[in-house]
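Asks: The structure that follows is given in the form of structure tokens.
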Amino acid sequence: MSNWNAGYVAEVAYTYGYYEELNPLRLQLPLLAAGLALPAHGTACELGFGQGVSVNIHAAASSTRWFGNDFNPAQVAFAQELAGAAGAGAQLSDESFEQFCQRDDLPDFDYIALHGIWSWVSEENRALIVDFLHRKLKVGGVAYISYNTQPGWAAMMPLRDLLSEHSRVMAAPGVGVLSRIEGAIDFVERMIATQPRYMLANPLLADRFDKLKALDRNYVAHEYFNMDWQPMAFSRAAALLVEAKLDFAGSATYTDHVDMLNLTAEHQQFLADIPDPIFRETTRAFLVNQQFRKDYWVKGARKLTPFAQAKALRAVRVLLLTPRDEVVLSVHGVLGDADMDELVYGPVLDLLFDHRVRTIGELEQALAEREVSLAALLQIIMILISKGSVNAVQDEVEIAAARPQTERLNRHLLELALERVDLNTLASPVTGGGIFVPHLQQLFLRAKLQGWQLPEEWVREVWPVLQRMNRLLSKDGQVLLTEDENLAELYRAAQQFAERGLPVLQAVGIIG
């Protein structure tokens with residue numbers, strides 16, 4: 001196949017990020033908040049999985065049988081390495097969308113996920129994806145789709161086209177993509193210095209361009225320099241997905257469900273007067289100037305009775321992921337940062353402080369004297385989850401089934417930490433997904449798993465690794481240059497990890 005990448009950047013590798021929205025467990029609260037029945041969770045598929053970090057963590061951290069596809073063979077090779085280490089049975093291939101979507105040996109899926117792919121593929125590939133969703137997503141199944149959207153990208157689109165066109169037309173023959181990107185950025189920067197009228201008419205673009213310049217170049221290559229790049233209005237996406245019999249279920253961004261964080265009272269009233277849900281969402285994008293959507297779509301959305309909805313919500317299990325005193329009582333929305341009332345959030349956090357699993361129903365009962373309604377408690381939990389302070393938890397059977405797989409995958413990831421610093425997520429059998437664990441903490445954890453129990457022993461094991469990798473620690477923004485300074489800071493970090501980091505990793509099942 002001569003054009004196997006179909007116009008998508010394949011010269012440089014995609015980043016090694018983990019995307020929590022792809023975790024099927026995260027869809028339960030948004031769907032239940034909308035009063036919709038939850039799907040089964042036997043089979044799942046991720047289209048365009050990049051380096052495969054997310055798909056492998058989700059395969060290892062649950063009993064769901066995962067399939068996935070990405071056309072870049074180098075990325076698939078790394079993903080298959082992780083799959084082999086985990087032994088969770090993830091089936092990962094390097095076919096084109098056309099090849100993969102037309103396979104006759106795939107099962108039907110309860111969950112299909114596409115993170116960012118929708119905006120960066122051709123119309124032909126989008127049609128293949130819609131057909132795949134139509135044929136392979138089970139009735140009652142959920143699709144997660146994220147994509148660049150209008151109107152937030154409207155002003156930036158001509159500038160992106162200029163960057164891409166410069167890369168294609170002005171670069172010298174044979175120049176690599178990263179050099180072409182630098183040349184295009186330099187060109188636009190020099191153009192901006194001439195104060196073009198387009199920039200004067202769109203004054204916020206200069207700030208967006210400055211942020212673009214600071215981004216990792218591999219990310220920029222995949223984000224801005226593909227042949228196909230189509231931010232899409234919500235109504236247009238909905239029109240395509242209705243062909244697959246999909247109904248919009250709600251946003252996967254938890255803070256989107258809290259109107260006061262994103263919409264003024266006037267905005268809320270304006271939207272309330274729009275009866276059509278698709279047109280209402282399309283209009284909402286203008287009110288918040290939305291740039292990126294993360295949405296759940298259901299094939300055959302089934303409404304729950306109020307009784308069934310409340311019962312299912314009360315059964316949701318949650319866990320505090322950070323030390324109680326490290327939870328910052330502030331949340332960010334479109335309207336800016338909003339303070340979280342200690343009198344409202346404090347009692348919930350106090351009940352979760354010991355990192356033990358509790359159901360929303362148990363929290364509701366414990367807060368009965370405070371007369372906290374189920375709806376209010378749901379909003380509290382969703383905001384805490386959006387901050388990464390709390391996470392939903394699987395049932396005990398799922399946890400037990402996932403433990404051997406996550407242990408194998410995590411041990412492999414910890415061995416990779418001896419040579420690289422770009423894999424900052426480990427798999428949790430408790431949350432069914434990934435937990436952010438910085439590189440230094442991974443090295444401490446590896447030392448502990450090797451039998452070293454004391455912080456000073458971890459320092460002894462970790463410092464030679466950092467020296468070999470030519471990595472120095474920093475303190476108060478200053479790089480520490482002497483060995484004594486580094487060892488002192490390393491010991492401080494190890495003590496802090498022992499006191500505050502390990503209890504959380506034990507609670508989420510990453511360490512026993």
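By convention here, the chains of the structure tokens are called A, B, ... in the order presented, each chain's residues are numbered starting at 1, and ligands are numbered starting at 1 in the order presented.
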Just the residues within 9 Å of range 485-492 of chain A, please, counting only C-alpha atoms, with nothing from its chain fewer than 6 positions along; format it as a PDB file with C-alpha atoms, in the first residue's frame.

Replies:
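File produced: out.pdb:
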ATOM      1  CA  LEU A 440      11.351   9.697  40.302  1.00  0.00           C
ATOM      2  CA  PRO A 455      14.056   5.741  51.967  1.00  0.00           C
ATOM      3  CA  GLU A 456      17.830   5.802  52.387  1.00  0.00           C
ATOM      4  CA  TRP A 458      15.892   3.779  47.761  1.00  0.00           C
ATOM      5  CA  VAL A 459      18.239   6.748  47.403  1.00  0.00           C
ATOM      6  CA  ARG A 460      21.201   4.383  47.204  1.00  0.00           C
ATOM      7  CA  VAL A 462      18.112   5.469  42.482  1.00  0.00           C
ATOM      8  CA  TRP A 463      21.057   7.902  42.465  1.00  0.00           C
ATOM      9  CA  LEU A 472      19.975  16.309  38.136  1.00  0.00           C
ATOM     10  CA  LEU A 473      17.320  17.309  40.639  1.00  0.00           C
ATOM     11  CA  SER A 474      16.148  20.851  41.205  1.00  0.00           C
ATOM     12  CA  LYS A 475      14.955  22.772  44.239  1.00  0.00           C
TER      13      LYS A 475
END

Asks: Extract, using only C-alpha atoms, all DNA, RNA and protein residues at most 10 Å from Asp325 in chain A, discarding same-chain residues fewer than 4 positions from it, and format them as a ChimeraX atom specification.

Replies: /A:349-350,353

Asks: Any idea what's packed within 10 Å of Val220 in chain A, counting only C-alpha atoms, ignoring anything in its chain fewer than 5 positions away? Could you give it as a VMD selection string?

Replies: chain A and resid 14 178 181 212 to 215 225 to 226

Asks: If you run DSSP over the backbone, which residues in range 18-138 of chain A end up helix (DSSP H, G or I)? Put them as a count of residues only.

Replies: 58

Asks: Taking 6 positions as the minimum chain separation for residues in the same chain, which residues sit within 9 Å of Leu82 in chain A when counting only C-alpha atoms? Answer as a list of chain:residue names.

Replies: A:Gly52, A:Val53, A:Asn56, A:Ile57, A:Leu409, A:His412, A:Leu413

Asks: Can you pull out every residue within 9 Å of range 146-153 of chain A, counting only C-alpha atoms, but drop anything in the same chain fewer than 5 positions away, and send it as a ChimeraX atom specification?

Replies: /A:113-120,229-234,252,282,285-286,288-296

Asks: Keeping C-alpha atoms, export the residues of the selection given above as a compact mmCIF listing (two decimals), in the first residue's frame.

Replies:
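Result file follows (result.txt):
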# COMPACT_ATOMS: atom_id res chain seq x y z
CA ALA A 113 -13.14 4.91 21.56
CA LEU A 114 -11.48 7.44 19.25
CA HIS A 115 -9.34 10.10 20.93
CA GLY A 116 -8.60 12.98 18.57
CA ILE A 117 -8.77 10.82 15.45
CA TRP A 118 -12.03 12.29 14.13
CA SER A 119 -10.45 15.68 13.31
CA TRP A 120 -7.30 14.36 11.65
CA TRP A 229 -7.32 18.67 9.67
CA GLN A 230 -10.97 19.52 10.10
CA PRO A 231 -12.38 21.18 13.21
CA MET A 232 -16.06 20.37 13.05
CA ALA A 233 -19.22 21.94 14.39
CA PHE A 234 -21.12 19.71 16.81
CA ALA A 252 -16.92 13.17 28.94
CA THR A 282 -24.13 23.64 18.86
CA ALA A 285 -20.13 25.94 21.75
CA PHE A 286 -20.45 29.60 20.75
CA VAL A 288 -18.04 28.98 25.67
CA ASN A 289 -15.90 29.36 22.50
CA GLN A 290 -15.27 25.61 22.54
CA GLN A 291 -12.10 24.29 20.90
CA PHE A 292 -12.19 20.59 21.77
CA ARG A 293 -15.01 18.19 22.53
CA LYS A 294 -14.94 14.88 24.40
CA ASP A 295 -18.32 13.19 24.04
CA TYR A 296 -20.17 9.96 24.70

Asks: Go through A:Val175, A:Phe444, A:Tyr19, A:Val430 one by one, measure the shortest atom-to-atom distance of each to Glu457 in chain A using only C-alpha atoms, and give the residue with the smallest value.

Replies: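 That would be A:Phe444, the residue with the smallest distance to Glu457 in chain A.
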
Asks: Which residues are close to Met191 in chain A, i.e. within 12 Å by only C-alpha atoms, leaving aside same-chain residues fewer than 6 positions away? Reply as an MDAnalysis selection string.

Replies: chainID A and resid 159 162:163 184:185 197:199 206 209

Asks: Quick check, in Å to one decimal: how far apart do CA of Ser251 in chain A and CA of Phe71 in chain A lie?

Replies: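 Those two atoms sit 27.7 Å apart.
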
Asks: Would you mind listing what lies within 12 Å of Val372 in chain A as an MDAnalysis selection string, with only C-alpha atoms counted and same-chain residues fewer than 5 positions away left out?

Replies: chainID A and resid 343:345 347:348 360:361 363:367 377:380

Asks: Report, in Å with one decimal, the straight-line distance from CA of Arg284 in chain A to CA of Ala155 in chain A.

Replies: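 Between these atoms lies a distance of 17.6 Å.
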
Asks: Can you work out which one of A:Arg420, A:Arg160, A:His134, A:Arg408 has the shortest atom-to-atom distance to Ala60 in chain A, counting only C-alpha atoms?

Replies: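 For Ala60 in chain A, the nearest of the given residues is A:Arg408.
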
Asks: If I take CA of Asp216 in chain A and CA of Gly388 in chain A, how far is one from the other in Å, to one decimal?

Replies: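 Computed distance, CA of Asp216 in chain A to CA of Gly388 in chain A, equals 23.4 Å.
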
Asks: Calculated over only C-alpha atoms, which of the candidates A:Leu27, A:Val76, A:Leu246, A:Met340 has the smallest distance to Asn391 in chain A?

Replies: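 Checking each of A:Leu27, A:Val76, A:Leu246, A:Met340 against Asn391 in chain A, counting only C-alpha atoms, the winner is A:Leu27.
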
Asks: Nearest residue to Gln91 in chain A out of A:Glu46, A:Glu266, A:Asp108, A:Glu396, using only C-alpha atoms?

Replies: A:Glu46
